[in-house]
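Asks: I am attaching a structure below and will ask some questions about it afterwards.
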Amino acid sequence: QWYQRRVISIFKKDGKPAGFGVCSIEGRAAIEPFDNTAANSKDKFTFKCHRSVVSDSHKPQDIYAVNGIKFHPVHGTLATIGSDGKFSFWDKDARTKLKTGEQLDNTITCCDFNHNGTYFAYGSSYDWSKGHEFYNPQQKNYIFIRQVKDELKPRKK
């Protein structure tokens, strides 16, 4: 059962659209190839992201909405952003997390790569996921632009 889908993004393989990633408010992302033949069914999967790390199994895990997913234009890896105030870089083919950014004081609401994937931009502002009672008009909105080099290269197989 999937809850509200928040965002969708298309990825390419060999310069052609090959599938899409979709994310939800329940801290999940899914990778779906356009070609649904049996040979490619292994490429279809979901993964959990933007959740708190809980060391005590008796404590509940905080689950955050995934507000964005973008694919790197060169490497095919991807970035997700969430209501937890973090971005994460992923290798979809190896199904591993490459990096998680530092947590911001506010949610991350949008992101994108430049045309050749050397810069990653993301914006931080309130996303209303906690309702109007948690909105703080004094909290500033920010745009961050970071140079990305090897941190988005796929893992070696």
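Labels for the structure tokens follow display order: chains A, B, ..., residues from 1 in each chain, ligands from 1.
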Tell me which protein, DNA and RNA residues are within 12 Å of Gly15 in chain A, counting only C-alpha atoms, leaving out same-chain ones fewer than 5 positions away, and put them as a list in words.

Replies: Ile10, Pro73, Val74, His75 and Gly76 of chain A

Asks: Mind the document's chain letters and residue numbers, and return as a PyMOL selection string the residues of chain A that DSSP labels strand (DSSP E).

Replies: chain A and resi 5-13+16-24+28-33+45-48+66-71+78-82+87-91+96-100+108-113+119-124+142-147

Asks: Do you have, as JSON lines, the list of residues of range 1-111 of chain A lying at most 9 Å from range 145-155 of chain A, each with its nearest atom pair and that distance in Å to one decimal, counting only C-alpha atoms and ordered by chain then number?

Replies:
```
{"residue": "A:His72", "atom": "CA", "partner": "A:Leu152", "partner_atom": "CA", "distance": 7.6}
{"residue": "A:Val74", "atom": "CA", "partner": "A:Lys153", "partner_atom": "CA", "distance": 8.9}
{"residue": "A:His75", "atom": "CA", "partner": "A:Lys153", "partner_atom": "CA", "distance": 6.0}
{"residue": "A:Gly76", "atom": "CA", "partner": "A:Pro154", "partner_atom": "CA", "distance": 8.0}
{"residue": "A:Thr77", "atom": "CA", "partner": "A:Leu152", "partner_atom": "CA", "distance": 6.3}
{"residue": "A:Leu78", "atom": "CA", "partner": "A:Leu152", "partner_atom": "CA", "distance": 7.7}
{"residue": "A:Ala79", "atom": "CA", "partner": "A:Leu152", "partner_atom": "CA", "distance": 8.8}
{"residue": "A:Phe89", "atom": "CA", "partner": "A:Leu152", "partner_atom": "CA", "distance": 6.7}
{"residue": "A:Trp90", "atom": "CA", "partner": "A:Leu152", "partner_atom": "CA", "distance": 7.6}
{"residue": "A:Asp91", "atom": "CA", "partner": "A:Pro154", "partner_atom": "CA", "distance": 5.6}
{"residue": "A:Lys92", "atom": "CA", "partner": "A:Pro154", "partner_atom": "CA", "distance": 8.5}
{"residue": "A:Asp93", "atom": "CA", "partner": "A:Pro154", "partner_atom": "CA", "distance": 8.0}
{"residue": "A:Ala94", "atom": "CA", "partner": "A:Arg155", "partner_atom": "CA", "distance": 6.9}
{"residue": "A:Thr96", "atom": "CA", "partner": "A:Arg155", "partner_atom": "CA", "distance": 8.5}
{"residue": "A:Leu98", "atom": "CA", "partner": "A:Glu151", "partner_atom": "CA", "distance": 6.9}
{"residue": "A:Lys99", "atom": "CA", "partner": "A:Glu151", "partner_atom": "CA", "distance": 7.2}
```

Asks: Within 8 Å of range 19-29 of chain A, which residues of range 62-137 of chain A come that close, and what is the closest atom pair and distance in Å for each? Count only C-alpha atoms and give it as CSV.

Replies:
```
residue,atom,partner,partner_atom,distance
A:Ile63,CA,A:Gly27,CA,5.6
A:Tyr64,CA,A:Gly27,CA,5.2
A:Ala65,CA,A:Ile25,CA,3.8
A:Val66,CA,A:Gly27,CA,5.6
A:Asn67,CA,A:Cys23,CA,7.4
A:Gly68,CA,A:Cys23,CA,7.2
A:Ile69,CA,A:Gly21,CA,7.0
```

Asks: I need the helix (DSSP H, G or I) residues of chain A per DSSP on the backbone, written as number ranges by chain.

Replies: A: 38-43, 132-134, 150-152

Asks: If you count only C-alpha atoms, which residues fall within 10 Å of Cys111 in chain A, apart from same-chain ones fewer than 2 positions away, as a CSV table (one decimal) with N, CA, C and O atoms, in the first residue's frame?

Replies:
```
chain,number,residue,atom,x,y,z
A,67,ASN,N,10.6,14.6,-0.5
A,67,ASN,CA,10.1,15.8,-1.3
A,67,ASN,C,10.6,15.9,-2.7
A,67,ASN,O,10.1,16.7,-3.5
A,68,GLY,N,11.7,15.1,-3.0
A,68,GLY,CA,12.2,15.3,-4.3
A,68,GLY,C,13.1,14.1,-4.7
A,68,GLY,O,13.7,13.5,-3.8
A,69,ILE,N,13.2,13.8,-6.0
A,69,ILE,CA,14.2,12.8,-6.5
A,69,ILE,C,14.6,13.3,-7.8
A,69,ILE,O,13.9,13.8,-8.7
A,70,LYS,N,16.0,13.4,-8.0
A,70,LYS,CA,16.5,13.8,-9.3
A,70,LYS,C,17.7,12.8,-9.6
A,70,LYS,O,18.5,12.4,-8.8
A,79,ALA,N,19.6,11.6,-6.3
A,79,ALA,CA,19.5,12.3,-5.1
A,79,ALA,C,18.1,12.3,-4.6
A,79,ALA,O,17.2,12.4,-5.4
A,80,THR,N,17.9,12.1,-3.3
A,80,THR,CA,16.6,12.3,-2.7
A,80,THR,C,16.7,13.4,-1.6
A,80,THR,O,17.7,13.5,-1.0
A,81,ILE,N,15.6,14.1,-1.4
A,81,ILE,CA,15.5,15.1,-0.4
A,81,ILE,C,14.3,14.9,0.4
A,81,ILE,O,13.3,14.3,-0.1
A,87,PHE,N,19.6,15.6,2.4
A,87,PHE,CA,19.7,15.0,1.1
A,87,PHE,C,20.5,13.7,1.2
A,87,PHE,O,21.3,13.6,2.1
A,108,ILE,N,14.0,20.1,3.3
A,108,ILE,CA,14.5,20.4,2.0
A,108,ILE,C,13.3,20.2,1.0
A,108,ILE,O,12.7,19.1,1.0
A,109,THR,N,13.0,21.2,0.2
A,109,THR,CA,11.7,21.1,-0.5
A,109,THR,C,11.9,20.9,-2.1
A,109,THR,O,11.0,20.5,-2.7
A,113,PHE,N,20.1,19.0,-10.5
A,113,PHE,CA,21.5,19.0,-10.9
A,113,PHE,C,21.6,20.0,-12.1
A,113,PHE,O,20.6,20.1,-12.9
A,120,PHE,N,25.0,20.5,-7.6
A,120,PHE,CA,23.7,20.1,-7.0
A,120,PHE,C,23.1,21.2,-6.2
A,120,PHE,O,23.8,21.8,-5.3
A,121,ALA,N,21.9,21.6,-6.6
A,121,ALA,CA,21.3,22.7,-5.9
A,121,ALA,C,20.0,22.2,-5.1
A,121,ALA,O,19.3,21.3,-5.6
A,122,TYR,N,19.8,22.8,-4.0
A,122,TYR,CA,18.6,22.4,-3.2
A,122,TYR,C,18.2,23.6,-2.3
A,122,TYR,O,18.9,24.4,-2.0
A,123,GLY,N,16.9,23.6,-2.1
A,123,GLY,CA,16.3,24.7,-1.4
A,123,GLY,C,15.7,24.2,-0.1
A,123,GLY,O,15.1,23.1,0.0
A,124,SER,N,15.8,25.0,1.0
A,124,SER,CA,15.3,24.7,2.3
A,124,SER,C,14.2,25.7,2.7
A,124,SER,O,14.5,26.9,2.7
A,143,ILE,N,18.8,28.7,-0.3
A,143,ILE,CA,19.1,28.0,-1.4
A,143,ILE,C,20.6,27.6,-1.3
A,143,ILE,O,21.4,28.5,-1.0
A,144,PHE,N,20.9,26.3,-1.5
A,144,PHE,CA,22.3,25.9,-1.4
A,144,PHE,C,22.8,25.3,-2.7
A,144,PHE,O,22.0,24.6,-3.4
A,145,ILE,N,24.0,25.6,-3.1
A,145,ILE,CA,24.5,25.1,-4.4
A,145,ILE,C,25.9,24.5,-4.0
A,145,ILE,O,26.8,25.2,-3.4
```

Asks: Using only C-alpha atoms, which residue out of A:Glu32, A:Asp14, A:Asp127, A:Glu133 lies closest to Gly82 in chain A?

Replies: A:Asp127

Asks: From the set A:Asp35, A:Phe71, A:Phe45, A:Asn136, which residue has the shortest atom-to-atom contact distance to Asn116 in chain A, counting only C-alpha atoms?

Replies: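 Looking at the shortest contact to Asn116 in chain A, the residue is A:Phe71.
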
Asks: Interatomic distance between CA of Phe11 in chain A and CA of Ser125 in chain A?

Replies: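 Rounded to one decimal, the two atoms are 26.3 Å apart.
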